[in-house]
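A.B. asks: my_file.cif is reproduced below (mmCIF, N, CA and C atoms).
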```cif
data_query
#
loop_
_atom_site.label_atom_id
_atom_site.label_comp_id
_atom_site.auth_asym_id
_atom_site.auth_seq_id
_atom_site.Cartn_x
_atom_site.Cartn_y
_atom_site.Cartn_z
N MET A 1 -10.10 -20.22 34.09
CA MET A 1 -9.26 -20.34 32.91
C MET A 1 -7.78 -20.36 33.29
N ILE A 2 -7.37 -19.46 34.18
CA ILE A 2 -5.97 -19.42 34.60
C ILE A 2 -5.58 -20.72 35.30
N LYS A 3 -6.49 -21.28 36.11
CA LYS A 3 -6.20 -22.55 36.79
C LYS A 3 -5.95 -23.66 35.78
N LYS A 4 -6.71 -23.66 34.66
CA LYS A 4 -6.53 -24.68 33.63
C LYS A 4 -5.17 -24.52 32.96
N ILE A 5 -4.78 -23.29 32.66
CA ILE A 5 -3.48 -23.04 32.02
C ILE A 5 -2.35 -23.47 32.93
N VAL A 6 -2.44 -23.10 34.21
CA VAL A 6 -1.40 -23.46 35.18
C VAL A 6 -1.34 -24.97 35.34
N ALA A 7 -2.51 -25.63 35.36
CA ALA A 7 -2.58 -27.08 35.56
C ALA A 7 -1.95 -27.83 34.38
N THR A 8 -1.94 -27.26 33.20
CA THR A 8 -1.37 -27.94 32.04
C THR A 8 0.15 -27.85 32.00
N GLY A 9 0.72 -27.03 32.86
CA GLY A 9 2.17 -26.89 32.85
C GLY A 9 2.65 -25.75 31.99
N TRP A 10 1.76 -25.13 31.26
CA TRP A 10 2.11 -24.00 30.41
C TRP A 10 1.87 -22.66 31.10
N GLY A 11 1.36 -22.68 32.30
CA GLY A 11 0.97 -21.46 33.00
C GLY A 11 2.11 -20.49 33.19
N LEU A 12 3.19 -20.91 33.84
CA LEU A 12 4.30 -20.01 34.14
C LEU A 12 4.98 -19.52 32.86
N PRO A 13 5.32 -20.41 31.90
CA PRO A 13 5.93 -19.90 30.67
C PRO A 13 5.02 -18.93 29.92
N LEU A 14 3.72 -19.21 29.91
CA LEU A 14 2.78 -18.33 29.22
C LEU A 14 2.70 -16.98 29.92
N ILE A 15 2.65 -16.97 31.24
CA ILE A 15 2.61 -15.72 32.00
C ILE A 15 3.90 -14.92 31.78
N ILE A 16 5.04 -15.59 31.77
CA ILE A 16 6.32 -14.90 31.52
C ILE A 16 6.32 -14.29 30.13
N LEU A 17 5.82 -15.03 29.14
CA LEU A 17 5.77 -14.52 27.77
C LEU A 17 4.89 -13.28 27.68
N VAL A 18 3.72 -13.33 28.29
CA VAL A 18 2.81 -12.18 28.26
C VAL A 18 3.46 -10.98 28.94
N LEU A 19 4.07 -11.17 30.09
CA LEU A 19 4.73 -10.07 30.79
C LEU A 19 5.89 -9.51 29.96
N PHE A 20 6.62 -10.39 29.29
CA PHE A 20 7.71 -9.95 28.43
C PHE A 20 7.18 -9.08 27.29
N LEU A 21 6.11 -9.55 26.65
CA LEU A 21 5.54 -8.80 25.54
C LEU A 21 5.02 -7.45 25.99
N ILE A 22 4.39 -7.42 27.14
CA ILE A 22 3.88 -6.15 27.68
C ILE A 22 5.04 -5.20 27.95
N SER A 23 6.13 -5.72 28.51
CA SER A 23 7.27 -4.86 28.84
C SER A 23 7.97 -4.35 27.58
N CYS A 24 7.87 -5.08 26.47
CA CYS A 24 8.53 -4.67 25.23
C CYS A 24 7.68 -3.70 24.41
N THR A 25 6.41 -3.59 24.73
CA THR A 25 5.53 -2.72 23.98
C THR A 25 5.77 -1.27 24.39
N PRO A 26 6.07 -0.40 23.42
CA PRO A 26 6.33 1.00 23.79
C PRO A 26 5.07 1.66 24.35
N LYS A 27 5.25 2.48 25.32
CA LYS A 27 4.15 3.24 25.89
C LYS A 27 3.74 4.31 24.88
N SER A 28 2.47 4.66 24.87
CA SER A 28 2.00 5.65 23.91
C SER A 28 2.71 6.98 24.08
N SER A 29 3.15 7.29 25.30
CA SER A 29 3.86 8.55 25.52
C SER A 29 5.27 8.51 24.91
N GLN A 30 5.80 7.30 24.65
CA GLN A 30 7.12 7.18 24.05
C GLN A 30 7.07 7.24 22.53
N MET A 31 5.92 6.96 21.96
CA MET A 31 5.77 6.93 20.51
C MET A 31 5.47 8.34 20.01
N LYS A 32 6.24 8.79 19.06
CA LYS A 32 6.05 10.12 18.50
C LYS A 32 5.71 9.99 17.01
N PRO A 33 4.51 10.39 16.62
CA PRO A 33 4.15 10.30 15.20
C PRO A 33 4.92 11.32 14.37
N TYR A 34 5.19 10.97 13.13
CA TYR A 34 5.86 11.89 12.22
C TYR A 34 5.36 11.64 10.81
N LEU A 35 5.48 12.64 9.98
CA LEU A 35 5.06 12.53 8.59
C LEU A 35 6.18 11.89 7.78
N GLU A 36 5.91 10.75 7.21
CA GLU A 36 6.91 10.03 6.43
C GLU A 36 6.99 10.58 5.01
N PHE A 37 5.85 10.91 4.44
CA PHE A 37 5.81 11.38 3.06
C PHE A 37 4.58 12.24 2.85
N LYS A 38 4.74 13.41 2.29
CA LYS A 38 3.62 14.31 2.05
C LYS A 38 3.21 14.19 0.58
N ALA A 39 2.17 13.41 0.33
CA ALA A 39 1.76 13.12 -1.03
C ALA A 39 0.94 14.23 -1.66
N GLN A 40 0.18 14.95 -0.87
CA GLN A 40 -0.72 15.98 -1.36
C GLN A 40 -1.69 15.43 -2.39
N ALA A 41 -2.23 14.26 -2.12
CA ALA A 41 -3.21 13.64 -3.00
C ALA A 41 -4.60 14.20 -2.72
N GLU A 42 -5.41 14.28 -3.75
CA GLU A 42 -6.78 14.74 -3.58
C GLU A 42 -7.64 13.63 -2.96
N LEU A 43 -7.51 12.42 -3.47
CA LEU A 43 -8.25 11.28 -2.95
C LEU A 43 -7.34 10.05 -2.99
N GLY A 44 -6.49 9.92 -1.97
CA GLY A 44 -5.52 8.83 -1.92
C GLY A 44 -6.14 7.57 -1.33
N GLU A 45 -6.05 6.48 -2.08
CA GLU A 45 -6.60 5.19 -1.62
C GLU A 45 -5.81 4.05 -2.25
N GLY A 46 -6.26 2.83 -1.95
CA GLY A 46 -5.76 1.64 -2.61
C GLY A 46 -4.32 1.29 -2.32
N SER A 47 -3.88 1.48 -1.09
CA SER A 47 -2.48 1.20 -0.79
C SER A 47 -2.19 -0.29 -0.84
N ILE A 48 -1.04 -0.62 -1.41
CA ILE A 48 -0.60 -2.01 -1.55
C ILE A 48 0.88 -2.08 -1.23
N TRP A 49 1.25 -3.00 -0.36
CA TRP A 49 2.66 -3.25 -0.08
C TRP A 49 3.13 -4.35 -1.02
N ASN A 50 4.11 -4.06 -1.86
CA ASN A 50 4.64 -5.04 -2.79
C ASN A 50 5.87 -5.68 -2.15
N TYR A 51 5.73 -6.92 -1.72
CA TYR A 51 6.83 -7.61 -1.03
C TYR A 51 7.99 -7.92 -1.98
N LYS A 52 7.74 -7.91 -3.28
CA LYS A 52 8.81 -8.23 -4.22
C LYS A 52 9.85 -7.11 -4.33
N ASP A 53 9.39 -5.86 -4.24
CA ASP A 53 10.34 -4.76 -4.31
C ASP A 53 10.37 -3.92 -3.03
N ASN A 54 9.63 -4.35 -2.02
CA ASN A 54 9.59 -3.66 -0.71
C ASN A 54 9.23 -2.18 -0.86
N LYS A 55 8.17 -1.93 -1.63
CA LYS A 55 7.70 -0.57 -1.84
C LYS A 55 6.19 -0.51 -1.60
N LEU A 56 5.74 0.69 -1.24
CA LEU A 56 4.33 0.94 -1.01
C LEU A 56 3.76 1.65 -2.23
N TYR A 57 2.69 1.10 -2.78
CA TYR A 57 2.01 1.68 -3.93
C TYR A 57 0.65 2.20 -3.47
N TRP A 58 0.24 3.35 -3.96
CA TRP A 58 -1.13 3.80 -3.75
C TRP A 58 -1.49 4.79 -4.84
N ILE A 59 -2.76 5.14 -4.91
CA ILE A 59 -3.25 5.95 -6.02
C ILE A 59 -3.97 7.20 -5.52
N ASP A 60 -3.94 8.23 -6.35
CA ASP A 60 -4.80 9.40 -6.19
C ASP A 60 -5.86 9.25 -7.26
N ILE A 61 -7.03 8.82 -6.85
CA ILE A 61 -8.09 8.46 -7.79
C ILE A 61 -8.44 9.63 -8.71
N GLU A 62 -8.74 10.78 -8.13
CA GLU A 62 -9.24 11.92 -8.90
C GLU A 62 -8.21 12.46 -9.89
N ASN A 63 -6.96 12.48 -9.53
CA ASN A 63 -5.93 13.05 -10.40
C ASN A 63 -5.20 12.01 -11.25
N GLY A 64 -5.53 10.73 -11.08
CA GLY A 64 -4.92 9.69 -11.89
C GLY A 64 -3.43 9.53 -11.67
N ILE A 65 -3.02 9.64 -10.41
CA ILE A 65 -1.60 9.54 -10.10
C ILE A 65 -1.32 8.26 -9.32
N ILE A 66 -0.25 7.58 -9.69
CA ILE A 66 0.24 6.41 -8.95
C ILE A 66 1.46 6.87 -8.16
N PHE A 67 1.43 6.60 -6.86
CA PHE A 67 2.56 6.91 -5.99
C PHE A 67 3.27 5.62 -5.63
N ILE A 68 4.58 5.65 -5.63
CA ILE A 68 5.39 4.51 -5.19
C ILE A 68 6.39 5.06 -4.19
N TYR A 69 6.40 4.46 -3.01
CA TYR A 69 7.29 4.96 -1.96
C TYR A 69 8.20 3.84 -1.47
N ASN A 70 9.50 4.15 -1.39
CA ASN A 70 10.48 3.21 -0.88
C ASN A 70 10.89 3.67 0.52
N PRO A 71 10.45 2.96 1.58
CA PRO A 71 10.77 3.41 2.94
C PRO A 71 12.25 3.29 3.30
N ARG A 72 12.99 2.41 2.62
CA ARG A 72 14.42 2.29 2.91
C ARG A 72 15.19 3.53 2.51
N THR A 73 14.89 4.03 1.31
CA THR A 73 15.60 5.18 0.79
C THR A 73 14.85 6.49 1.04
N ARG A 74 13.59 6.37 1.45
CA ARG A 74 12.69 7.51 1.68
C ARG A 74 12.48 8.31 0.38
N GLN A 75 12.59 7.61 -0.76
CA GLN A 75 12.37 8.21 -2.07
C GLN A 75 10.98 7.84 -2.57
N SER A 76 10.37 8.76 -3.30
CA SER A 76 9.05 8.49 -3.85
C SER A 76 9.03 8.75 -5.35
N GLU A 77 8.10 8.11 -5.99
CA GLU A 77 7.90 8.29 -7.43
C GLU A 77 6.45 8.67 -7.66
N LYS A 78 6.19 9.45 -8.72
CA LYS A 78 4.84 9.77 -9.17
C LYS A 78 4.74 9.36 -10.63
N HIS A 79 3.66 8.67 -10.95
CA HIS A 79 3.40 8.29 -12.34
C HIS A 79 2.00 8.74 -12.70
N PHE A 80 1.86 9.43 -13.83
CA PHE A 80 0.60 10.04 -14.22
C PHE A 80 -0.10 9.20 -15.28
N THR A 81 -1.37 8.91 -15.05
CA THR A 81 -2.17 8.15 -16.02
C THR A 81 -3.04 9.07 -16.86
N HIS A 82 -3.23 10.32 -16.42
CA HIS A 82 -4.04 11.32 -17.12
C HIS A 82 -5.51 10.89 -17.23
N ASP A 83 -5.95 10.08 -16.28
CA ASP A 83 -7.33 9.62 -16.23
C ASP A 83 -7.62 9.18 -14.80
N LYS A 84 -8.88 9.18 -14.42
CA LYS A 84 -9.22 8.68 -13.08
C LYS A 84 -8.80 7.22 -12.99
N ILE A 85 -8.30 6.86 -11.83
CA ILE A 85 -7.80 5.50 -11.62
C ILE A 85 -8.58 4.85 -10.48
N GLY A 86 -8.90 3.59 -10.65
CA GLY A 86 -9.68 2.88 -9.64
C GLY A 86 -8.91 1.84 -8.87
N ASN A 87 -7.84 1.32 -9.46
CA ASN A 87 -7.10 0.24 -8.80
C ASN A 87 -5.74 0.06 -9.47
N ILE A 88 -4.85 -0.57 -8.73
CA ILE A 88 -3.51 -0.87 -9.25
C ILE A 88 -3.06 -2.21 -8.71
N VAL A 89 -2.40 -2.98 -9.58
CA VAL A 89 -1.81 -4.26 -9.19
C VAL A 89 -0.39 -4.31 -9.76
N PRO A 90 0.63 -4.06 -8.93
CA PRO A 90 2.01 -4.11 -9.41
C PRO A 90 2.36 -5.51 -9.90
N ASP A 91 3.18 -5.58 -10.94
CA ASP A 91 3.55 -6.88 -11.47
C ASP A 91 4.91 -7.36 -10.98
N GLY A 92 5.64 -6.54 -10.26
CA GLY A 92 6.93 -6.95 -9.71
C GLY A 92 8.08 -6.84 -10.67
N SER A 93 7.82 -6.36 -11.89
CA SER A 93 8.92 -6.24 -12.86
C SER A 93 8.97 -4.86 -13.51
N GLY A 94 8.50 -3.85 -12.79
CA GLY A 94 8.61 -2.49 -13.32
C GLY A 94 7.36 -1.94 -13.94
N GLY A 95 6.23 -2.55 -13.66
CA GLY A 95 4.97 -2.07 -14.22
C GLY A 95 3.81 -2.50 -13.36
N ALA A 96 2.61 -2.23 -13.86
CA ALA A 96 1.41 -2.59 -13.11
C ALA A 96 0.21 -2.61 -14.04
N VAL A 97 -0.80 -3.34 -13.63
CA VAL A 97 -2.10 -3.30 -14.30
C VAL A 97 -2.93 -2.29 -13.53
N VAL A 98 -3.55 -1.35 -14.26
CA VAL A 98 -4.36 -0.32 -13.63
C VAL A 98 -5.75 -0.30 -14.25
N ALA A 99 -6.73 0.00 -13.42
CA ALA A 99 -8.11 0.17 -13.89
C ALA A 99 -8.37 1.66 -14.01
N LEU A 100 -8.56 2.12 -15.26
CA LEU A 100 -8.84 3.52 -15.52
C LEU A 100 -10.30 3.67 -15.94
N THR A 101 -10.71 4.88 -16.21
CA THR A 101 -12.11 5.16 -16.54
C THR A 101 -12.62 4.31 -17.69
N ASN A 102 -11.80 4.12 -18.69
CA ASN A 102 -12.28 3.44 -19.89
C ASN A 102 -11.65 2.08 -20.13
N GLY A 103 -11.15 1.42 -19.09
CA GLY A 103 -10.64 0.06 -19.28
C GLY A 103 -9.45 -0.27 -18.42
N PHE A 104 -8.92 -1.46 -18.68
CA PHE A 104 -7.74 -1.93 -17.96
C PHE A 104 -6.50 -1.70 -18.84
N TYR A 105 -5.45 -1.19 -18.21
CA TYR A 105 -4.22 -0.87 -18.92
C TYR A 105 -3.02 -1.46 -18.19
N TYR A 106 -1.94 -1.61 -18.95
CA TYR A 106 -0.65 -1.93 -18.36
C TYR A 106 0.17 -0.65 -18.42
N ILE A 107 0.76 -0.24 -17.29
CA ILE A 107 1.64 0.93 -17.27
C ILE A 107 3.07 0.46 -17.02
N ASP A 108 3.96 0.93 -17.87
CA ASP A 108 5.39 0.66 -17.72
C ASP A 108 5.98 1.86 -16.98
N PHE A 109 6.49 1.64 -15.77
CA PHE A 109 6.97 2.75 -14.95
C PHE A 109 8.26 3.37 -15.48
N LYS A 110 8.95 2.70 -16.38
CA LYS A 110 10.19 3.26 -16.93
C LYS A 110 9.91 4.48 -17.80
N ASN A 111 8.79 4.43 -18.53
CA ASN A 111 8.48 5.55 -19.43
C ASN A 111 7.03 6.02 -19.32
N ASP A 112 6.30 5.51 -18.35
CA ASP A 112 4.89 5.85 -18.10
C ASP A 112 3.99 5.56 -19.31
N SER A 113 4.39 4.65 -20.16
CA SER A 113 3.54 4.31 -21.31
C SER A 113 2.39 3.41 -20.85
N LEU A 114 1.22 3.65 -21.43
CA LEU A 114 0.02 2.87 -21.13
C LEU A 114 -0.35 2.01 -22.33
N THR A 115 -0.63 0.74 -22.08
CA THR A 115 -1.07 -0.18 -23.13
C THR A 115 -2.43 -0.71 -22.74
N LEU A 116 -3.42 -0.51 -23.62
CA LEU A 116 -4.77 -0.98 -23.35
C LEU A 116 -4.81 -2.51 -23.34
N LEU A 117 -5.33 -3.08 -22.25
CA LEU A 117 -5.48 -4.53 -22.15
C LEU A 117 -6.91 -4.96 -22.46
N ALA A 118 -7.88 -4.19 -21.95
CA ALA A 118 -9.29 -4.52 -22.18
C ALA A 118 -10.13 -3.27 -22.06
N ASP A 119 -10.97 -3.05 -23.06
CA ASP A 119 -11.88 -1.90 -23.08
C ASP A 119 -13.26 -2.41 -22.66
N ILE A 120 -13.51 -2.38 -21.36
CA ILE A 120 -14.72 -2.98 -20.81
C ILE A 120 -15.76 -1.91 -20.52
N GLU A 121 -16.95 -2.11 -21.03
CA GLU A 121 -18.10 -1.23 -20.78
C GLU A 121 -17.80 0.22 -21.10
N SER A 122 -17.09 0.47 -22.19
CA SER A 122 -16.74 1.84 -22.56
C SER A 122 -17.96 2.64 -22.99
N GLY A 123 -19.03 1.98 -23.34
CA GLY A 123 -20.25 2.66 -23.80
C GLY A 123 -21.09 3.20 -22.65
N ILE A 124 -20.77 2.89 -21.43
CA ILE A 124 -21.55 3.37 -20.29
C ILE A 124 -20.96 4.69 -19.81
N LYS A 125 -21.73 5.77 -19.97
CA LYS A 125 -21.25 7.11 -19.62
C LYS A 125 -21.04 7.21 -18.10
N GLY A 126 -19.91 7.80 -17.70
CA GLY A 126 -19.61 7.99 -16.28
C GLY A 126 -19.11 6.74 -15.58
N ASN A 127 -18.93 5.67 -16.32
CA ASN A 127 -18.46 4.42 -15.74
C ASN A 127 -16.97 4.51 -15.47
N ARG A 128 -16.54 3.91 -14.38
CA ARG A 128 -15.11 3.82 -14.12
C ARG A 128 -14.86 2.59 -13.27
N PHE A 129 -13.66 2.08 -13.37
CA PHE A 129 -13.30 0.88 -12.62
C PHE A 129 -12.52 1.25 -11.39
#
```
Go ahead and express the file in the form of structure tokens.

C.D. replies:
Amino acid sequence: MIKKIVATGWGLPLIILVLFLISCTPKSSQMKPYLEFKAQAELGEGSIWNYKDNKLYWIDIENGIIFIYNPRTRQSEKHFTHDKIGNIVPDGSGGAVVALTNGFYYIDFKNDSLTLLADIESGIKGNRF
């Protein structure tokens, strides 16, 4: 395989690129882990990076909490749905669609108001989205 790469004329540039990338990769002994944010969630899942506002969204399923974290400012927000939450899709304009135990809702993060969008399968006991 190496003989084929060298024979094509890309061998030396490719080898230099690989060596450069290896030299730029930090050694594991140089990397120090640290806690960026202590959420204290009971069951934190569903993380989503929203490229429109450069924030990380995730949920605490059991407690019905939406977390929003801004890594630039290191500030976080908590929004309470008061119901188990299964999923979140930020809309990029200050709100999100969330799947709660009894349906799909729109949450406005300015005032944490919930608006029912669809009441799906509400008759099934223990059902959640």

A.B. asks: Atom CA of A:Asp53 and atom CA of A:Pro90 are how many Å apart?

C.D. replies: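 Interatomic distance here is 9.8 Å.
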
A.B. asks: Between A:Asn54, A:Asn87, A:Gln75, A:Asn63, which has the minimum distance to A:Phe37 (counting only C-alpha atoms)?

C.D. replies: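 Ranking A:Asn54, A:Asn87, A:Gln75, A:Asn63 by distance to A:Phe37, first place goes to A:Gln75.
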
A.B. asks: How far is it from atom CA of A:Leu114 to atom CA of A:Arg72, in Å with one decimal?

C.D. replies: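 Atom CA of A:Arg72 lies 28.0 Å from atom CA of A:Leu114.
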
A.B. asks: Identify which of the residues A:Gly95, A:Thr101, A:Glu36, A:Glu121 lies closest to A:Asn70, counting only C-alpha atoms when measuring atom-to-atom distances.

C.D. replies: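 Checking each of A:Gly95, A:Thr101, A:Glu36, A:Glu121 against A:Asn70, counting only C-alpha atoms, the winner is A:Glu36.
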
A.B. asks: With all atoms listed in the file as the atoms that count, which of A:Lys32, A:His82, A:Lys110, A:Lys38 lies nearest to A:Gly64?

C.D. replies: A:His82

A.B. asks: For the structure shown, which residues end up in the PyMOL selection byres ((chain A and resi 96) around 7)? Put them as a PDB file with N, CA and C atoms, keeping the file's coordinate frame, please?

C.D. replies:
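Output (expr-v9.pdb):
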```pdb
ATOM      1  N   ILE A  88      -4.850  -0.570  -8.730  1.00  0.00           N
ATOM      2  CA  ILE A  88      -3.510  -0.870  -9.250  1.00  0.00           C
ATOM      3  C   ILE A  88      -3.060  -2.210  -8.710  1.00  0.00           C
ATOM      4  N   VAL A  89      -2.400  -2.980  -9.580  1.00  0.00           N
ATOM      5  CA  VAL A  89      -1.810  -4.260  -9.190  1.00  0.00           C
ATOM      6  C   VAL A  89      -0.390  -4.310  -9.760  1.00  0.00           C
ATOM      7  N   PRO A  90       0.630  -4.060  -8.930  1.00  0.00           N
ATOM      8  CA  PRO A  90       2.010  -4.110  -9.410  1.00  0.00           C
ATOM      9  C   PRO A  90       2.360  -5.510  -9.900  1.00  0.00           C
ATOM     10  N   ASP A  91       3.180  -5.580 -10.940  1.00  0.00           N
ATOM     11  CA  ASP A  91       3.550  -6.880 -11.470  1.00  0.00           C
ATOM     12  C   ASP A  91       4.910  -7.360 -10.980  1.00  0.00           C
ATOM     13  N   GLY A  92       5.640  -6.540 -10.260  1.00  0.00           N
ATOM     14  CA  GLY A  92       6.930  -6.950  -9.710  1.00  0.00           C
ATOM     15  C   GLY A  92       8.080  -6.840 -10.670  1.00  0.00           C
ATOM     16  N   SER A  93       7.820  -6.360 -11.890  1.00  0.00           N
ATOM     17  CA  SER A  93       8.920  -6.240 -12.860  1.00  0.00           C
ATOM     18  C   SER A  93       8.970  -4.860 -13.510  1.00  0.00           C
ATOM     19  N   GLY A  94       8.500  -3.850 -12.790  1.00  0.00           N
ATOM     20  CA  GLY A  94       8.610  -2.490 -13.320  1.00  0.00           C
ATOM     21  C   GLY A  94       7.360  -1.940 -13.940  1.00  0.00           C
ATOM     22  N   GLY A  95       6.230  -2.550 -13.660  1.00  0.00           N
ATOM     23  CA  GLY A  95       4.970  -2.070 -14.220  1.00  0.00           C
ATOM     24  C   GLY A  95       3.810  -2.500 -13.360  1.00  0.00           C
ATOM     25  N   VAL A  97      -0.800  -3.340 -13.630  1.00  0.00           N
ATOM     26  CA  VAL A  97      -2.100  -3.300 -14.300  1.00  0.00           C
ATOM     27  C   VAL A  97      -2.930  -2.290 -13.530  1.00  0.00           C
ATOM     28  N   VAL A  98      -3.550  -1.350 -14.260  1.00  0.00           N
ATOM     29  CA  VAL A  98      -4.360  -0.320 -13.630  1.00  0.00           C
ATOM     30  C   VAL A  98      -5.750  -0.300 -14.250  1.00  0.00           C
ATOM     31  N   TYR A 105      -5.450  -1.190 -18.210  1.00  0.00           N
ATOM     32  CA  TYR A 105      -4.220  -0.870 -18.920  1.00  0.00           C
ATOM     33  C   TYR A 105      -3.020  -1.460 -18.190  1.00  0.00           C
ATOM     34  N   TYR A 106      -1.940  -1.610 -18.950  1.00  0.00           N
ATOM     35  CA  TYR A 106      -0.650  -1.930 -18.360  1.00  0.00           C
ATOM     36  C   TYR A 106       0.170  -0.650 -18.420  1.00  0.00           C
ATOM     37  N   ILE A 107       0.760  -0.240 -17.290  1.00  0.00           N
ATOM     38  CA  ILE A 107       1.640   0.930 -17.270  1.00  0.00           C
ATOM     39  C   ILE A 107       3.070   0.460 -17.020  1.00  0.00           C
ATOM     40  N   ASP A 108       3.960   0.930 -17.870  1.00  0.00           N
ATOM     41  CA  ASP A 108       5.390   0.660 -17.720  1.00  0.00           C
ATOM     42  C   ASP A 108       5.980   1.860 -16.980  1.00  0.00           C
ATOM     43  N   PHE A 109       6.490   1.640 -15.770  1.00  0.00           N
ATOM     44  CA  PHE A 109       6.970   2.750 -14.950  1.00  0.00           C
ATOM     45  C   PHE A 109       8.260   3.370 -15.480  1.00  0.00           C
TER      46      PHE A 109
END
```

A.B. asks: Can you list, as a PyMOL selection string, the residues that the PyMOL selection byres ((chain A and resi 69) around 7) selects here?

C.D. replies: chain A and resi 54-58+67-68+70-72+74-77

A.B. asks: Residues near A:Ala41, anyone? I mean within 8 Å using all atoms listed in the file, not counting same-chain ones fewer than 5 positions away, as a list in words.

C.D. replies: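 With the cut-off at 8 Å, the set is Ile59, Asp60, Ile61, Glu62 and Asn63 of chain A.
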
A.B. asks: How many Å lie between atom CA of A:Leu100 and atom CA of A:Leu35, rounded to one decimal?

C.D. replies: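 Spanning atom CA of A:Leu100 to atom CA of A:Leu35 is a straight-line distance of 29.3 Å.
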
A.B. asks: I'd like the neighbourhood of A:Asp119 as a PDB file with N, CA and C atoms, in the coordinates of the input, where a residue qualifies if any of its atoms comes within 6 Å (using all atoms listed in the file), though same-chain residues fewer than 5 positions away should be ignored.

C.D. replies:
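Output below, filename part10.pdb:
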```pdb
ATOM      1  N   ASN A 102     -11.800   4.120 -18.690  1.00  0.00           N
ATOM      2  CA  ASN A 102     -12.280   3.440 -19.890  1.00  0.00           C
ATOM      3  C   ASN A 102     -11.650   2.080 -20.130  1.00  0.00           C
ATOM      4  N   GLY A 103     -11.150   1.420 -19.090  1.00  0.00           N
ATOM      5  CA  GLY A 103     -10.640   0.060 -19.280  1.00  0.00           C
ATOM      6  C   GLY A 103      -9.450  -0.270 -18.420  1.00  0.00           C
ATOM      7  N   PHE A 104      -8.920  -1.460 -18.680  1.00  0.00           N
ATOM      8  CA  PHE A 104      -7.740  -1.930 -17.960  1.00  0.00           C
ATOM      9  C   PHE A 104      -6.500  -1.700 -18.840  1.00  0.00           C
TER      10      PHE A 104
END
```
